[in-house]
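Data file: query_29.txt. Format and content: compact mmCIF, C-alpha atoms and all ligand atoms.
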# COMPACT_ATOMS: atom_id res chain seq x y z
CA MET Y 204 0.00 0.00 0.00
CA THR Y 205 1.28 3.47 -0.84
CA GLU Y 206 0.05 6.74 0.63
CA ILE Y 207 -3.74 6.65 0.71
CA SER Y 208 -5.51 8.39 -2.10
CA GLU Y 209 -7.11 11.81 -2.01
CA GLU Y 210 -10.38 10.08 -2.90
CA LEU Y 211 -10.20 7.98 0.24
CA VAL Y 212 -9.55 11.05 2.38
CA ALA Y 213 -12.45 12.86 0.67
CA GLU Y 214 -14.74 9.87 1.28
CA TYR Y 215 -13.76 9.85 4.95
CA ARG Y 216 -14.35 13.58 5.31
CA GLU Y 217 -17.76 13.30 3.63
CA ASN Y 218 -19.12 10.17 5.29
CA GLY Y 219 -17.25 10.12 8.61
CA PHE Y 220 -15.94 6.60 8.00
CA VAL Y 221 -14.00 4.64 5.40
CA ARG Y 222 -12.98 1.03 4.79
CA VAL Y 223 -9.29 0.25 4.23
CA PRO Y 224 -8.89 -3.32 2.94
CA GLY Y 225 -5.73 -5.27 3.73
CA ILE Y 226 -4.15 -2.87 6.19
CA LEU Y 227 -2.51 -5.93 7.80
CA THR Y 228 -0.68 -8.72 5.97
CA ALA Y 229 -1.83 -12.34 6.35
CA ALA Y 230 1.17 -13.06 8.60
CA GLU Y 231 0.32 -10.06 10.79
CA VAL Y 232 -3.30 -11.17 11.06
CA GLU Y 233 -2.23 -14.58 12.28
CA ARG Y 234 0.20 -13.17 14.85
CA PHE Y 235 -2.19 -10.52 16.17
CA ARG Y 236 -5.18 -12.89 16.25
CA GLU Y 237 -3.25 -15.51 18.22
CA GLY Y 238 -1.95 -12.80 20.55
CA ALA Y 239 -5.45 -11.42 21.09
CA ALA Y 240 -6.95 -14.86 21.75
CA ALA Y 241 -4.24 -15.64 24.32
CA TYR Y 242 -4.66 -12.23 25.97
CA LEU Y 243 -8.41 -12.78 26.19
CA VAL Y 244 -7.98 -16.09 28.01
CA GLN Y 245 -5.84 -14.37 30.67
CA HIS Y 246 -7.77 -11.12 31.01
CA ARG Y 247 -11.45 -11.75 30.16
CA HIS Y 248 -12.44 -11.11 33.80
CA GLU Y 249 -11.11 -7.52 33.51
CA SER Y 250 -13.67 -6.59 30.86
CA LEU Y 251 -15.05 -3.07 31.38
CA GLU Y 252 -18.35 -4.08 29.77
CA LYS Y 253 -20.48 -6.26 32.04
CA GLY Y 254 -23.69 -6.18 30.00
CA GLY Y 255 -22.90 -9.24 27.85
CA VAL Y 256 -22.52 -7.33 24.57
CA PHE Y 257 -18.79 -8.01 24.32
CA SER Y 258 -15.59 -8.43 26.29
CA GLN Y 259 -13.88 -5.04 26.30
CA LEU Y 260 -10.23 -5.07 27.34
CA VAL Y 261 -8.67 -1.64 27.41
CA ASN Y 262 -5.06 -0.57 26.88
CA VAL Y 263 -3.81 -3.97 25.85
CA TRP Y 264 -0.73 -2.16 24.51
CA GLN Y 265 0.43 -1.45 28.06
CA HIS Y 266 0.45 -5.14 29.05
CA ASP Y 267 1.18 -7.21 25.99
CA GLU Y 268 4.00 -6.96 23.46
CA THR Y 269 1.99 -8.31 20.54
CA GLY Y 270 -0.94 -6.03 21.30
CA ARG Y 271 1.49 -3.14 21.59
CA ASP Y 272 2.85 -3.81 18.11
CA LEU Y 273 -0.68 -3.61 16.74
CA THR Y 274 -1.77 -0.51 18.67
CA LEU Y 275 1.42 1.31 17.65
CA HIS Y 276 1.34 -0.11 14.11
CA PRO Y 277 3.04 2.60 12.00
CA LYS Y 278 0.95 2.02 8.89
CA VAL Y 279 -2.36 2.19 10.72
CA ALA Y 280 -1.23 5.36 12.52
CA ARG Y 281 -0.04 6.90 9.29
CA VAL Y 282 -3.44 6.38 7.68
CA ALA Y 283 -5.13 7.79 10.81
CA GLU Y 284 -3.01 10.96 10.50
CA GLN Y 285 -3.77 11.34 6.82
CA LEU Y 286 -7.51 10.95 7.38
CA SER Y 287 -7.68 13.21 10.41
CA GLY Y 288 -5.30 15.83 9.03
CA VAL Y 289 -3.68 16.38 12.45
CA PRO Y 290 -0.80 14.76 14.36
CA VAL Y 291 -2.23 12.01 16.58
CA ARG Y 292 -1.54 10.19 19.82
CA VAL Y 293 -3.07 6.91 20.95
CA TRP Y 294 -5.91 7.78 23.34
CA HIS Y 295 -6.42 4.09 24.20
CA ASP Y 296 -7.01 0.73 22.58
CA GLN Y 297 -9.74 -1.85 23.02
CA LEU Y 298 -9.83 -5.56 22.32
CA LEU Y 299 -13.53 -6.12 21.58
CA VAL Y 300 -14.61 -9.74 21.45
CA LYS Y 301 -18.18 -10.84 20.75
CA GLU Y 302 -18.54 -14.44 21.81
CA PRO Y 303 -20.33 -16.90 19.48
CA HIS Y 304 -24.11 -16.36 19.58
CA ASN Y 305 -23.81 -13.42 21.96
CA ASN Y 306 -27.25 -12.29 20.74
CA ALA Y 307 -26.60 -8.65 21.56
CA ALA Y 308 -25.96 -5.70 19.30
CA THR Y 309 -23.74 -2.80 20.31
CA GLU Y 310 -26.43 -0.15 19.85
CA PHE Y 311 -26.03 3.14 18.01
CA HIS Y 312 -23.78 5.69 19.68
CA GLN Y 313 -21.05 8.24 19.06
CA ASP Y 314 -17.71 7.72 20.81
CA ARG Y 315 -16.54 11.26 21.45
CA PRO Y 316 -19.23 12.25 24.01
CA TYR Y 317 -17.84 9.63 26.46
CA TRP Y 318 -14.36 11.14 26.49
CA PRO Y 319 -12.88 13.75 28.84
CA HIS Y 320 -11.30 15.77 26.05
CA THR Y 321 -11.03 19.43 25.19
CA ASN Y 322 -8.89 21.46 22.76
CA ASP Y 323 -9.11 18.60 20.22
CA ARG Y 324 -9.63 19.13 16.52
CA HIS Y 325 -10.29 15.52 15.58
CA SER Y 326 -10.35 11.98 16.96
CA LEU Y 327 -10.96 8.67 15.22
CA SER Y 328 -10.86 4.91 15.65
CA ALA Y 329 -9.30 2.15 13.57
CA TRP Y 330 -11.54 -0.94 13.95
CA ILE Y 331 -9.32 -3.80 12.79
CA ALA Y 332 -10.84 -7.20 12.02
CA LEU Y 333 -8.66 -10.09 13.25
CA VAL Y 334 -11.12 -12.69 11.91
CA ASP Y 335 -13.49 -12.44 8.96
CA VAL Y 336 -16.41 -10.32 10.16
CA PRO Y 337 -19.47 -10.60 7.90
CA PRO Y 338 -22.71 -8.98 9.12
CA GLU Y 339 -23.80 -12.15 10.92
CA ARG Y 340 -20.60 -12.10 13.01
CA GLY Y 341 -21.08 -8.54 14.23
CA CYS Y 342 -19.61 -6.05 11.78
CA MET Y 343 -20.14 -2.32 12.09
CA THR Y 344 -22.94 -0.17 10.64
CA PHE Y 345 -22.44 3.60 10.22
CA LEU Y 346 -24.63 6.68 9.79
CA PRO Y 347 -22.88 8.61 6.98
CA GLY Y 348 -22.59 12.34 7.63
CA SER Y 349 -23.59 12.06 11.29
CA GLN Y 350 -20.08 13.24 12.32
CA HIS Y 351 -21.33 16.80 11.96
CA GLN Y 352 -23.56 16.35 15.01
CA THR Y 353 -21.12 17.31 17.79
CA THR Y 354 -23.42 18.54 20.54
CA LEU Y 355 -25.02 15.41 22.01
CA GLN Y 356 -24.63 13.96 25.50
CA PRO Y 357 -23.21 10.40 25.86
CA GLN Y 358 -25.52 7.68 24.58
CA ASN Y 359 -26.37 4.32 26.13
CA LEU Y 360 -24.95 1.58 23.93
CA HIS Y 361 -27.48 -0.89 25.37
CA ASP Y 362 -30.44 1.23 24.16
CA GLU Y 363 -31.22 1.03 20.46
CA ASP Y 364 -33.21 4.27 20.49
CA ASP Y 365 -31.12 6.56 22.65
CA LEU Y 366 -29.14 8.26 19.87
CA PHE Y 367 -32.29 8.74 17.79
CA GLN Y 368 -34.19 10.27 20.67
CA LEU Y 369 -31.38 12.76 21.16
CA ASP Y 370 -31.39 13.68 17.44
CA PRO Y 371 -34.45 12.30 15.59
CA SER Y 372 -33.05 13.41 12.20
CA LEU Y 373 -30.34 10.71 12.45
CA ARG Y 374 -33.02 7.98 12.26
CA TRP Y 375 -33.61 8.74 8.56
CA ILE Y 376 -30.01 8.54 7.35
CA PRO Y 377 -29.48 5.45 5.15
CA ARG Y 378 -27.34 3.05 7.22
CA VAL Y 379 -24.19 1.52 5.79
CA THR Y 380 -23.12 -1.93 7.00
CA VAL Y 381 -19.45 -2.74 6.35
CA PRO Y 382 -18.37 -6.41 6.39
CA LEU Y 383 -14.62 -6.86 6.80
CA ARG Y 384 -12.21 -9.66 5.94
CA ALA Y 385 -9.51 -10.43 8.50
CA GLY Y 386 -6.81 -7.77 8.11
CA ASP Y 387 -9.23 -5.10 6.82
CA CYS Y 388 -10.22 -2.14 8.92
CA THR Y 389 -12.55 0.79 9.06
CA PHE Y 390 -11.67 4.22 10.37
CA HIS Y 391 -14.50 6.23 11.87
CA ASN Y 392 -14.69 9.79 13.13
CA SER Y 393 -15.43 9.79 16.87
CA TYR Y 394 -18.68 11.72 16.22
CA THR Y 395 -19.96 9.31 13.53
CA GLY Y 396 -22.96 7.34 14.79
CA HIS Y 397 -22.32 3.58 14.62
CA MET Y 398 -23.46 0.23 15.95
CA ALA Y 399 -22.25 -3.37 15.65
CA LEU Y 400 -24.54 -6.30 14.92
CA PRO Y 401 -24.83 -9.37 17.21
CA ASN Y 402 -22.59 -12.36 16.61
CA ARG Y 403 -24.90 -15.14 15.38
CA THR Y 404 -22.07 -17.47 14.29
CA ASP Y 405 -20.09 -20.26 15.97
CA ILE Y 406 -16.83 -18.27 15.83
CA ALA Y 407 -15.82 -15.41 18.14
CA ARG Y 408 -15.68 -11.95 16.58
CA ILE Y 409 -12.28 -10.52 17.44
CA ALA Y 410 -11.68 -6.84 16.72
CA HIS Y 411 -8.81 -4.64 17.87
CA VAL Y 412 -9.71 -0.97 18.02
CA THR Y 413 -7.01 1.68 18.18
CA ILE Y 414 -8.36 5.07 19.17
CA TYR Y 415 -6.41 8.15 18.16
CA MET Y 416 -6.81 11.71 19.38
CA ASP Y 417 -5.39 15.00 18.22
CA ALA Y 418 -1.91 15.21 19.77
CA ALA Y 419 -2.94 18.65 21.15
CA THR Y 420 -5.87 17.25 23.20
CA HIS Y 421 -6.24 18.40 26.82
CA PHE Y 422 -8.01 16.70 29.73
CA ASN Y 423 -11.34 18.34 30.59
CA GLY Y 424 -11.56 17.05 34.17
CA ASN Y 425 -14.43 14.57 33.70
CA PRO Y 426 -14.19 10.97 34.94
CA HIS Y 427 -13.12 8.23 32.52
CA PRO Y 428 -11.60 4.77 33.20
CA VAL Y 429 -8.47 5.61 31.16
CA THR Y 430 -7.66 8.90 32.88
CA ASP Y 431 -9.01 8.24 36.41
CA PRO Y 432 -5.81 6.47 37.60
CA LEU Y 433 -3.54 9.23 36.26
CA ASN Y 434 -4.43 12.02 38.73
CA LEU Y 435 -4.58 14.67 36.03
CA THR Y 436 -5.57 18.28 36.58
CA PRO Y 437 -8.21 19.87 34.35
CA ASN Y 438 -6.84 21.41 31.17
CA GLN Y 439 -3.61 19.42 31.39
CA PRO Y 440 -2.37 18.24 27.95
CA LEU Y 441 -2.78 14.49 27.35
CA ASN Y 442 0.79 14.22 26.13
CA SER Y 443 2.50 11.80 28.55
CA ASP Y 444 3.87 8.33 27.80
CA SER Y 445 0.36 7.00 28.56
CA PHE Y 446 -0.68 8.46 25.19
CA PRO Y 447 2.09 7.47 22.78
CA GLN Y 448 2.71 8.90 19.33
CA PRO Y 449 3.30 5.92 17.02
CA ALA Y 450 6.48 6.11 14.95
CA GLN Y 451 5.87 7.55 11.51
CA PRO Y 452 7.47 5.49 8.72
CA PRO Y 453 8.68 7.21 5.57
CA LEU Y 454 5.82 7.28 3.09
CA SER Y 455 7.80 5.18 0.60
CA SER Y 456 7.76 2.22 3.00
CA LEU Y 457 3.98 2.11 3.45
C1 LIG X 1 -18.29 -3.14 18.63
O1 LIG X 1 -17.35 -3.53 17.93
O2 LIG X 1 -19.10 -3.94 19.08
C2 LIG X 1 -18.46 -1.69 18.88
C3 LIG X 1 -17.30 -0.89 18.48
C4 LIG X 1 -17.48 0.58 18.68
O3 LIG X 1 -18.46 1.02 19.23
O4 LIG X 1 -16.60 1.36 18.27
NI NI X 2 -18.14 3.09 19.46
Could you take the file, read its structure, and then write that structure out as structure tokens?
Ligand code: SIN
Ligand code: NI
Amino acid sequence: MTEISEELVAEYRENGFVRVPGILTAAEVERFREGAAAYLVQHRHESLEKGGVFSQLVNVWQHDETGRDLTLHPKVARVAEQLSGVPVRVWHDQLLVKEPHNNAATEFHQDRPYWPHTNDRHSLSAWIALVDVPPERGCMTFLPGSQHQTTLQPQNLHDEDDLFQLDPSLRWIPRVTVPLRAGDCTFHNSYTGHMALPNRTDIARIAHVTIYMDAATHFNGNPHPVTDPLNLTPNQPLNSDSFPQPAQPPLSSL
């Protein structure tokens, strides 16, 4: 893959999400999937989500070398910077595993309203499929253009109607469901409304999500599981080693 095309950047800016096929090689997929599966066995009990939608393990990169290599993956970060148009840091990562037949959707929400950020120009997530994720295994669905709605309070991802009650106009946007092969990813703007379908298959849905923020982001003082242990003061820049800037490879090597 060379530098991503202007068309891809334009598509991202218009819709608030984009699919990037084959961001990982087959060998990387195998290594990162095996690493994620092993990490899950050890850490499933630490899941932040207790509602049965998925296992959500946060900041894998701080505890696991293989997970760190994926979260700090230079190519993924490079694409994130090109799409966002600003220098980025890792805000956090999430290993999101939907067990076979979990029977629960991740309901429509935006990500940004949950976060204790201020002074940020952009934030976005790379949702990387480590197994094939067709719709019936729980792929993502997006509301194109919804990234322009930046004023809503946090939404309940267990309530299918919450986002649409907060902004009824979003209900009428045609929804785009994006199946991914292992090694593909989507990038979505942190204000883009999205949901993930239930896993109705016999195979676990394993996704690794790397969440990037504008490198100039400050802490706004609100509680959040990632920042609570750090004893930050309001308006402090989120620029410590807890929020690394992935190395940027020369464009020719992408
Ligand atoms: C999911 O994969 O189930 C949800 C991911 C997200 O909300 O970003
Ligand atoms: Ni989300």
Write out as a PyMOL selection string the residues lying within 12 Å of Asp387 in chain Y, counting all atoms listed in the file and excluding same-chain residues fewer than 5 positions away.
chain Y and resi 221-229+231-232+279+329-337+342+381-382+410-412
If you measure from CA of Thr420 in chain Y to CA of Arg324 in chain Y, what distance in Å do you get, rounded to one decimal?
7.9 Å
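The smallest atom-to-atom distance between ligand LIG 1 (chain X) and any of Y:Thr354, Y:Gln285, Y:Asn262, Y:Asn359, using only C-alpha atoms and all ligand atoms, is found for Y:Asn359.
Nearest to ligand NI 2 (chain X) of all the residues Y:Val263, Y:Leu327, Y:Ala239, Y:Ala283 is Y:Leu327, based on only C-alpha atoms and all ligand atoms.
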Just checking: using only C-alpha atoms, which residue out of Y:Cys388, Y:Val429, Y:Leu383, Y:Val256 ends up closest to His320 in chain Y?
Y:Val429
Would you name the residues within 8 Å of ligand NI 2 (chain X), counting all atoms listed in the file, and put them as a compact mmCIF listing (two decimals) with C-alpha atoms, in the frame of the given file?
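Written file, pocket14.txt:
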# COMPACT_ATOMS: atom_id res chain seq x y z
CA HIS Y 312 -23.78 5.69 19.68
CA GLN Y 313 -21.05 8.24 19.06
CA ASP Y 314 -17.71 7.72 20.81
CA SER Y 393 -15.43 9.79 16.87
CA GLY Y 396 -22.96 7.34 14.79
CA HIS Y 397 -22.32 3.58 14.62
CA MET Y 398 -23.46 0.23 15.95
For ligand LIG 1 (chain X), collect every residue having any atom at a distance of at most 6 Å from a ligand atom (counting only C-alpha atoms and all ligand atoms); output as a compact mmCIF listing (two decimals) with C-alpha atoms, keeping the file's coordinate frame.
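Written file, selection35.txt:
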# COMPACT_ATOMS: atom_id res chain seq x y z
CA LEU Y 299 -13.53 -6.12 21.58
CA THR Y 309 -23.74 -2.80 20.31
CA ALA Y 399 -22.25 -3.37 15.65
Separation of CA of Pro347 in chain Y from CA of Ile376 in chain Y, in Å and rounded to one decimal:
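Separation between CA of Pro347 in chain Y and CA of Ile376 in chain Y: 7.1 Å.
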Can you work out the spacing between CA of His421 in chain Y and CA of Gln356 in chain Y in Å, to one decimal?
19.0 Å
Within 12 Å of range 205-216 of chain Y, which residues of range 228-324 of chain Y show up? Give each one with its shortest atom-to-atom distance in Å (one decimal) and the two atoms involved, counting all atoms listed in the file, rows by chain then rising residue number, as JSON lines.
{"residue": "Y:Lys278", "atom": "CA", "partner": "Y:Glu206", "partner_atom": "CA", "distance": 9.6}
{"residue": "Y:Val279", "atom": "CA", "partner": "Y:Ile207", "partner_atom": "CA", "distance": 11.0}
{"residue": "Y:Arg281", "atom": "CA", "partner": "Y:Glu206", "partner_atom": "CA", "distance": 8.7}
{"residue": "Y:Val282", "atom": "CA", "partner": "Y:Ile207", "partner_atom": "CA", "distance": 7.0}
{"residue": "Y:Ala283", "atom": "CA", "partner": "Y:Val212", "partner_atom": "CA", "distance": 10.1}
{"residue": "Y:Glu284", "atom": "CA", "partner": "Y:Val212", "partner_atom": "CA", "distance": 10.4}
{"residue": "Y:Gln285", "atom": "CA", "partner": "Y:Val212", "partner_atom": "CA", "distance": 7.3}
{"residue": "Y:Leu286", "atom": "CA", "partner": "Y:Val212", "partner_atom": "CA", "distance": 5.4}
{"residue": "Y:Ser287", "atom": "CA", "partner": "Y:Arg216", "partner_atom": "CA", "distance": 8.4}
{"residue": "Y:Gly288", "atom": "CA", "partner": "Y:Val212", "partner_atom": "CA", "distance": 9.2}
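Of the listed residues (Y:Pro426, Y:Pro449, Y:Pro357, Y:Pro432), Y:Pro357 comes nearest to Arg315 in chain Y; the distances count all atoms listed in the file.
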Neighbour list for His304 in chain Y as a list in words, cut-off 7 Å, all atoms listed in the file, skip fewer than 5 positions in-chain
Asn402, Arg403, Thr404 and Asp405 of chain Y
So, with all atoms listed in the file as the atoms that count, which of Y:Thr395, Y:Gln352, Y:Gln368, Y:Ser258 lies closest to Phe220 in chain Y?
Y:Thr395
Ranking Y:Asn218, Y:Ala419, Y:Phe446, Y:Gln265 by minimum distance to Asn322 in chain Y and counting only C-alpha atoms, which one comes first?
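For Asn322 in chain Y, the nearest of the candidates is Y:Ala419.
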